[in-house]
Every structure is written in structure tokens, then in C-alpha cells.
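See structure below.
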Amino acid sequence: MDTGITGKVALVTGASRGIGAECARELARAGAVVAVNYHSSREKAESVAAEIEAAGGRSMVLQADVRDRQAVDVMVEEIIGRHGHIDVLVNNANIDFPIKPFIELSWEQIAEKITGEMKALYNCSQAVLRYMVPRLTGKLIFISSTLSRHPGYGFSAHSAAKAAVDSIARVMATELGPLGITVNTVGPGLIETDATAGLPSAAKEQTAACTPLQRIGRPADVAGVVALLASPGADYLTGQYIAVCGGAYMN
Ligand code: NAP
């Protein structure tokens, strides 16, 4: 089946593990050439790429700290050098943050999370837009969180940073729509990844019980929506926030 993504070039940041790795696999299954970005897990990124290639897909592995503008520019130049264009950005890398009550949070901790999240979004968007704007086509997909809209105890830093992602996405969608570029945000609920591995199983069971679809999420649940947003089926969709959380949070 032609998904309409065949031959498109997609960059997925933080694709060595978790949600990003599954987005990379799913986009490759749909026919995209996928750039698998990682920060420090080189072997894991290479094994994601190997899986893609073994399944008949095309990929490349690129190291870059997405908070570092120069490193991001080099990464995007490498993609352009090999493929000549870039069609999809999945801004996914998980910028670390402390989980603690607001009253115990230092200014440095909150500033580091907000700055890191915004730098990642800014650096990657600026770098790919340089090549999307002249072609009047492109899709930016930002991974946010339901915690940007629905409060969670101890998540001030994360919540504030992801709310900034949601907000800037709408402005960017307004500005870039006339240039043929869509900007959408995906807000996962609780998803089973390394990032949530340390959460007590009782907390996961409680979340599942409060979720209409009665389970917590898997990376594939998010990747399916990302692939849809990357496809021509979503060409008339921009500036939207899509919560992928089994209905635990409803817009
Ligand atoms: P994860 O399993 O912890 O994986 C994190 C990924 O991000 C890894 O590939 C890691 O690369 C990469 N990364 C971290 N810092 C980076 C940097 N500075 N530059 C480049 N890559 C970097 O995380 P996840 O749970 O899949 O989360 C992915 C996204 O979903 C994040 O934006 C997160 O906020 C969002 N999210 C997750 C959940 C959840 O419940 N899991 C819920 C809502 C939203 P290395 O392995 O190379 O270090």
C-alpha cells in the first residue's frame, strides 16, 4: 500500500530508545528514509537502524545533542548532503528534568529544563526549515505531553517546558501555513519507556484504571499517530495538539 510517505526524508530526534525509536521504525515501515538521531546511546541507535534495514527500509544514524545548535546544523547538513531534502521533523528527544514539588525546585533546575526543551525545538526547526521553506513543503511534529495541560504532582518544570512547546507550535503553524509547512503537537500520556521504568507499578496500575482504554500507553501508540501526521492524510491539519493517552485527558 502506498502510504504517501515513500521516499520522504524524516529526522527523528532521540530515536535510540523509547517513543523516538518506535517513530523511526514506523516511519521507515511506511516508506520514509529515516535519520535516527541519538545523544549517547550509539549502539542502541545503530540497532534501531539495523532493524529498519533488515526490514527493507532505509536509515542513517546521526549523533547530536539537540541543545547544541552547531551539532544540529552539522546533522541536518549531513542529511541534505546524502538525500538533498528533508520532509519531516519529529522533535522528540527527552530533555531530562527533576520530578519534585515546586517549592523544592531551584530556579536553575526549572530554567535548565525550559531552556533545553526550547533549544532542542528551536535548533532542529531552524535547521530543517532552511530546506523546507524554499520547497514550500514540510511537516514539523513536536512531542509534548499531556502534562502540559493536565497537572501532575512534581512536574512543574516538565509541565512549563511542554506548555511552551504547545504554544510556540501554534504560532509557528500560523506563520508557516502559507509556506506549505504544517506544525502539530502530539501529547503522550503515560507511556512504557526507560523514562517511566522507575515509576512504581501501583502508580501505573492506577493510571490504567483511570484511563478509558484501561491501560497505559506503548511507544507504538504514539508512533502510529506520528506516522499519520507525517502522511498526506494529514495535509490539512496544522496547529493541533493531539493527546495520545487512551482518553485519560480529553481536550
Ligand atoms: P526515553 O525512553 O528516555 O528516550 C530518550 C531519548 O531521547 C533517547 O533516544 C535519548 O538519546 C534522547 N535524548 C535525550 N537527550 C538528548 C539530547 N540532548 N539530544 C539528543 N537526544 C537526546 O524517552 P521517552 O519516554 O521515549 O520520551 C520521548 C519524548 O516523549 C520526550 O519528549 C518526552 O518528554 C515525551 N513524553 C514521554 C512520556 C512517557 O511517559 N514516556 C509521556 C509524555 C511525553 P540517548 O539514548 O542517546 O541518550
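Letters for chains follow the order of the C-alpha cells (A, B, ...), residue numbers begin at 1 for each chain, and ligand numbers begin at 1 in the order shown.
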
*Shell of 12 Å around Gly57 in chain A, only C-alpha atoms, local chain residues under 4 positions omitted, as a ChimeraX atom specification*: /A:6-9,24-35,48-53

Interface rows for chain A against ligand 1: nearest pair, Å to one decimal, 7 Å, only C-alpha atoms and all ligand atoms, as a tab-separated table:
```
residue	atom	partner	partner_atom_place_in_ligand_line	distance
A:Thr13	CA	ligand 1	21 (N)	5.7
A:Gly14	CA	ligand 1	9 (O)	3.4
A:Ala15	CA	ligand 1	9 (O)	4.5
A:Ser16	CA	ligand 1	9 (O)	3.9
A:Arg17	CA	ligand 1	9 (O)	4.3
A:Gly18	CA	ligand 1	26 (O)	3.6
A:Ile19	CA	ligand 1	26 (O)	3.8
A:Gly20	CA	ligand 1	26 (O)	5.6
A:Ala21	CA	ligand 1	9 (O)	6.9
A:Asn37	CA	ligand 1	21 (N)	6.5
A:Tyr38	CA	ligand 1	47 (O)	4.0
A:His39	CA	ligand 1	47 (O)	3.5
A:Ser40	CA	ligand 1	47 (O)	3.6
A:Ser41	CA	ligand 1	47 (O)	3.6
A:Arg42	CA	ligand 1	47 (O)	6.2
A:Ala64	CA	ligand 1	20 (C)	5.7
A:Asp65	CA	ligand 1	19 (N)	3.6
A:Val66	CA	ligand 1	19 (N)	4.1
A:Arg67	CA	ligand 1	18 (N)	5.6
A:Asn92	CA	ligand 1	32 (O)	4.4
A:Ala93	CA	ligand 1	7 (O)	3.7
A:Asn94	CA	ligand 1	31 (C)	3.7
A:Ile95	CA	ligand 1	15 (N)	4.9
A:Asp96	CA	ligand 1	15 (N)	6.7
A:Ile143	CA	ligand 1	32 (O)	5.2
A:Ser144	CA	ligand 1	44 (C)	5.5
A:Ser145	CA	ligand 1	43 (C)	4.0
A:Thr146	CA	ligand 1	43 (C)	6.3
A:Gly187	CA	ligand 1	44 (C)	6.2
A:Pro188	CA	ligand 1	43 (C)	4.3
A:Gly189	CA	ligand 1	42 (C)	4.9
A:Leu190	CA	ligand 1	40 (O)	3.7
A:Ile191	CA	ligand 1	40 (O)	3.7
A:Glu192	CA	ligand 1	41 (N)	5.8
A:Thr193	CA	ligand 1	2 (O)	4.6
A:Asp194	CA	ligand 1	2 (O)	4.3
A:Ala195	CA	ligand 1	3 (O)	4.0
A:Thr196	CA	ligand 1	41 (N)	5.6
```

Kindly export the residues of the current selection with C-alpha atoms, as an mmCIF file, in the first residue's frame.
```
data_model
loop_
_atom_site.group_PDB
_atom_site.id
_atom_site.type_symbol
_atom_site.label_atom_id
_atom_site.label_comp_id
_atom_site.auth_asym_id
_atom_site.auth_seq_id
_atom_site.Cartn_x
_atom_site.Cartn_y
_atom_site.Cartn_z
ATOM 1 C CA THR A 13 15.452 13.157 17.401
ATOM 2 C CA GLY A 14 16.120 10.907 20.377
ATOM 3 C CA ALA A 15 15.435 7.816 18.287
ATOM 4 C CA SER A 16 17.817 5.405 20.020
ATOM 5 C CA ARG A 17 15.178 4.382 22.561
ATOM 6 C CA GLY A 18 11.521 4.631 23.580
ATOM 7 C CA ILE A 19 8.999 6.675 21.628
ATOM 8 C CA GLY A 20 11.578 8.062 19.190
ATOM 9 C CA ALA A 21 12.889 4.595 18.278
ATOM 10 C CA ASN A 37 19.392 10.789 15.962
ATOM 11 C CA TYR A 38 20.892 9.894 19.331
ATOM 12 C CA HIS A 39 22.796 11.638 22.091
ATOM 13 C CA SER A 40 24.861 8.985 23.890
ATOM 14 C CA SER A 41 23.339 5.548 23.090
ATOM 15 C CA ARG A 42 25.223 4.861 19.867
ATOM 16 C CA ALA A 64 23.953 15.252 18.023
ATOM 17 C CA ASP A 65 22.993 16.860 21.290
ATOM 18 C CA VAL A 66 19.862 18.660 20.086
ATOM 19 C CA ARG A 67 20.538 21.506 22.538
ATOM 20 C CA ASN A 92 11.126 14.002 20.328
ATOM 21 C CA ALA A 93 14.380 13.930 22.360
ATOM 22 C CA ASN A 94 13.626 13.567 26.041
ATOM 23 C CA ILE A 95 15.207 16.537 27.828
ATOM 24 C CA ASP A 96 15.932 15.461 31.387
ATOM 25 C CA ILE A 143 6.348 15.587 21.037
ATOM 26 C CA SER A 144 4.813 17.302 24.056
ATOM 27 C CA SER A 145 2.974 15.608 26.955
ATOM 28 C CA THR A 146 -0.497 15.552 28.479
ATOM 29 C CA GLY A 187 0.908 14.858 23.730
ATOM 30 C CA PRO A 188 1.559 11.349 25.041
ATOM 31 C CA GLY A 189 0.081 10.240 28.343
ATOM 32 C CA LEU A 190 1.996 7.720 30.465
ATOM 33 C CA ILE A 191 3.979 5.539 28.044
ATOM 34 C CA GLU A 192 6.085 2.498 28.934
ATOM 35 C CA THR A 193 9.698 3.550 28.174
ATOM 36 C CA ASP A 194 13.022 3.852 30.028
ATOM 37 C CA ALA A 195 11.841 7.282 31.197
ATOM 38 C CA THR A 196 8.963 5.751 33.154
#
```

*asked:* For the structure I just gave you, how does DSSP split range 6-193 of chain A - specifically, which residues are strand (DSSP E or B)? Reply as a ChimeraX atom specification.
replied: /A:9-12,33-38,58-63,88-91,138-143,181-188,191

Based on the selection just made, write N, CA and C atoms of those residues as a short mmCIF file (atom, residue, chain, number, x, y, z; two decimals), in the first residue's frame.
```
data_model
loop_
_atom_site.label_atom_id
_atom_site.label_comp_id
_atom_site.auth_asym_id
_atom_site.auth_seq_id
_atom_site.Cartn_x
_atom_site.Cartn_y
_atom_site.Cartn_z
N VAL A 9 12.03 12.11 3.51
CA VAL A 9 13.15 12.00 4.44
C VAL A 9 12.71 12.58 5.78
N ALA A 10 12.84 11.75 6.82
CA ALA A 10 12.38 12.17 8.16
C ALA A 10 13.54 12.13 9.15
N LEU A 11 13.64 13.17 9.96
CA LEU A 11 14.61 13.19 11.07
C LEU A 11 13.83 12.99 12.36
N VAL A 12 14.20 11.95 13.12
CA VAL A 12 13.58 11.72 14.42
C VAL A 12 14.65 11.93 15.48
N VAL A 33 12.76 7.49 4.42
CA VAL A 33 14.18 7.33 4.76
C VAL A 33 14.32 8.02 6.12
N VAL A 34 14.80 7.30 7.12
CA VAL A 34 14.78 7.87 8.47
C VAL A 34 16.17 8.15 9.02
N ALA A 35 16.39 9.37 9.48
CA ALA A 35 17.62 9.73 10.18
C ALA A 35 17.37 9.49 11.67
N VAL A 36 18.11 8.54 12.23
CA VAL A 36 17.97 8.14 13.63
C VAL A 36 18.98 8.94 14.45
N ASN A 37 18.49 9.96 15.14
CA ASN A 37 19.39 10.79 15.96
C ASN A 37 19.51 10.19 17.37
N TYR A 38 20.70 10.30 17.93
CA TYR A 38 20.89 9.89 19.33
C TYR A 38 21.84 10.87 19.99
N ARG A 58 15.17 2.18 4.82
CA ARG A 58 16.41 2.96 4.67
C ARG A 58 16.57 3.90 5.85
N SER A 59 17.80 3.98 6.36
CA SER A 59 18.03 4.83 7.53
C SER A 59 19.47 5.32 7.57
N MET A 60 19.72 6.28 8.43
CA MET A 60 21.08 6.70 8.72
C MET A 60 21.11 7.06 10.20
N VAL A 61 22.29 6.94 10.81
CA VAL A 61 22.42 7.19 12.25
C VAL A 61 23.25 8.45 12.45
N LEU A 62 22.74 9.39 13.25
CA LEU A 62 23.45 10.66 13.42
C LEU A 62 23.48 11.08 14.88
N GLN A 63 24.69 11.30 15.39
CA GLN A 63 24.83 11.77 16.77
C GLN A 63 24.72 13.28 16.81
N VAL A 88 10.27 15.75 6.99
CA VAL A 88 9.57 15.60 8.27
C VAL A 88 10.57 15.73 9.41
N LEU A 89 10.21 16.51 10.43
CA LEU A 89 10.98 16.55 11.68
C LEU A 89 10.09 16.03 12.80
N VAL A 90 10.57 15.02 13.52
CA VAL A 90 9.89 14.60 14.74
C VAL A 90 10.79 15.03 15.89
N ASN A 91 10.39 16.11 16.56
CA ASN A 91 11.17 16.69 17.65
C ASN A 91 10.78 15.96 18.94
N GLY A 138 6.66 20.69 4.04
CA GLY A 138 7.34 20.12 5.21
C GLY A 138 6.37 19.90 6.35
N LYS A 139 6.76 19.00 7.25
CA LYS A 139 5.92 18.72 8.41
C LYS A 139 6.77 18.70 9.67
N LEU A 140 6.40 19.56 10.61
CA LEU A 140 7.07 19.57 11.91
C LEU A 140 6.13 18.92 12.92
N ILE A 141 6.63 17.92 13.63
CA ILE A 141 5.82 17.22 14.64
C ILE A 141 6.58 17.29 15.96
N PHE A 142 5.96 17.95 16.94
CA PHE A 142 6.62 18.13 18.23
C PHE A 142 6.01 17.18 19.26
N ILE A 143 6.87 16.47 19.99
CA ILE A 143 6.35 15.59 21.04
C ILE A 143 6.28 16.39 22.34
N ILE A 181 3.90 24.53 5.14
CA ILE A 181 4.51 23.70 6.20
C ILE A 181 3.53 23.57 7.37
N THR A 182 3.29 22.32 7.81
CA THR A 182 2.38 22.10 8.93
C THR A 182 3.18 21.90 10.22
N VAL A 183 2.57 22.30 11.33
CA VAL A 183 3.20 22.15 12.64
C VAL A 183 2.15 21.59 13.60
N ASN A 184 2.38 20.39 14.10
CA ASN A 184 1.43 19.79 15.02
C ASN A 184 2.16 19.22 16.24
N THR A 185 1.42 19.08 17.31
CA THR A 185 1.98 18.62 18.58
C THR A 185 1.26 17.35 19.02
N VAL A 186 2.06 16.37 19.47
CA VAL A 186 1.49 15.12 19.98
C VAL A 186 1.78 15.08 21.48
N GLY A 187 0.75 14.89 22.27
CA GLY A 187 0.91 14.86 23.73
C GLY A 187 0.68 13.45 24.26
N PRO A 188 1.76 12.69 24.47
CA PRO A 188 1.56 11.35 25.04
C PRO A 188 1.15 11.43 26.51
N ILE A 191 3.56 6.53 29.04
CA ILE A 191 3.98 5.54 28.04
C ILE A 191 5.11 4.70 28.64
#
```

*List the neighbours of Ile103 in chain A out to 10 Å using only C-alpha atoms; skip same-chain residues closer than 2 positions along the sequence, and give me the result as an NGL selection string.*
:A and (100-101 or 105-106 or 154 or 156)

*DSSP alpha helix (DSSP H) residues within range 106-180 of chain A, listed as a PyMOL selection string*: chain A and resi 107-132+156-176

*Might you pull out every residue within 12 Å of Ala208 in chain A, with only C-alpha atoms counted and same-chain residues fewer than 5 positions away left off, and present them as a PyMOL selection string?*
chain A and resi 189-192+201-203+213-217+245-248

_So that I can check the surroundings of Ser159 in chain A, please list as a PyMOL selection string every protein, DNA and RNA residue that reaches within 8 Å of it, counting only C-alpha atoms and ignoring chain neighbours fewer than 2 positions away._
chain A and resi 145+147-149+151+155-157+161-163

*Any idea what the distance is between CA of Cys23 in chain A and CA of Pro232 in chain A?*
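It comes out at 16.7 Å.
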
*Residue nearest Arg135 in chain A - candidates A:Met250, A:Ala169, A:Ile110, A:Leu179, atoms counted: only C-alpha atoms*: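 Ranking A:Met250, A:Ala169, A:Ile110, A:Leu179 by distance to Arg135 in chain A, first place goes to A:Leu179.
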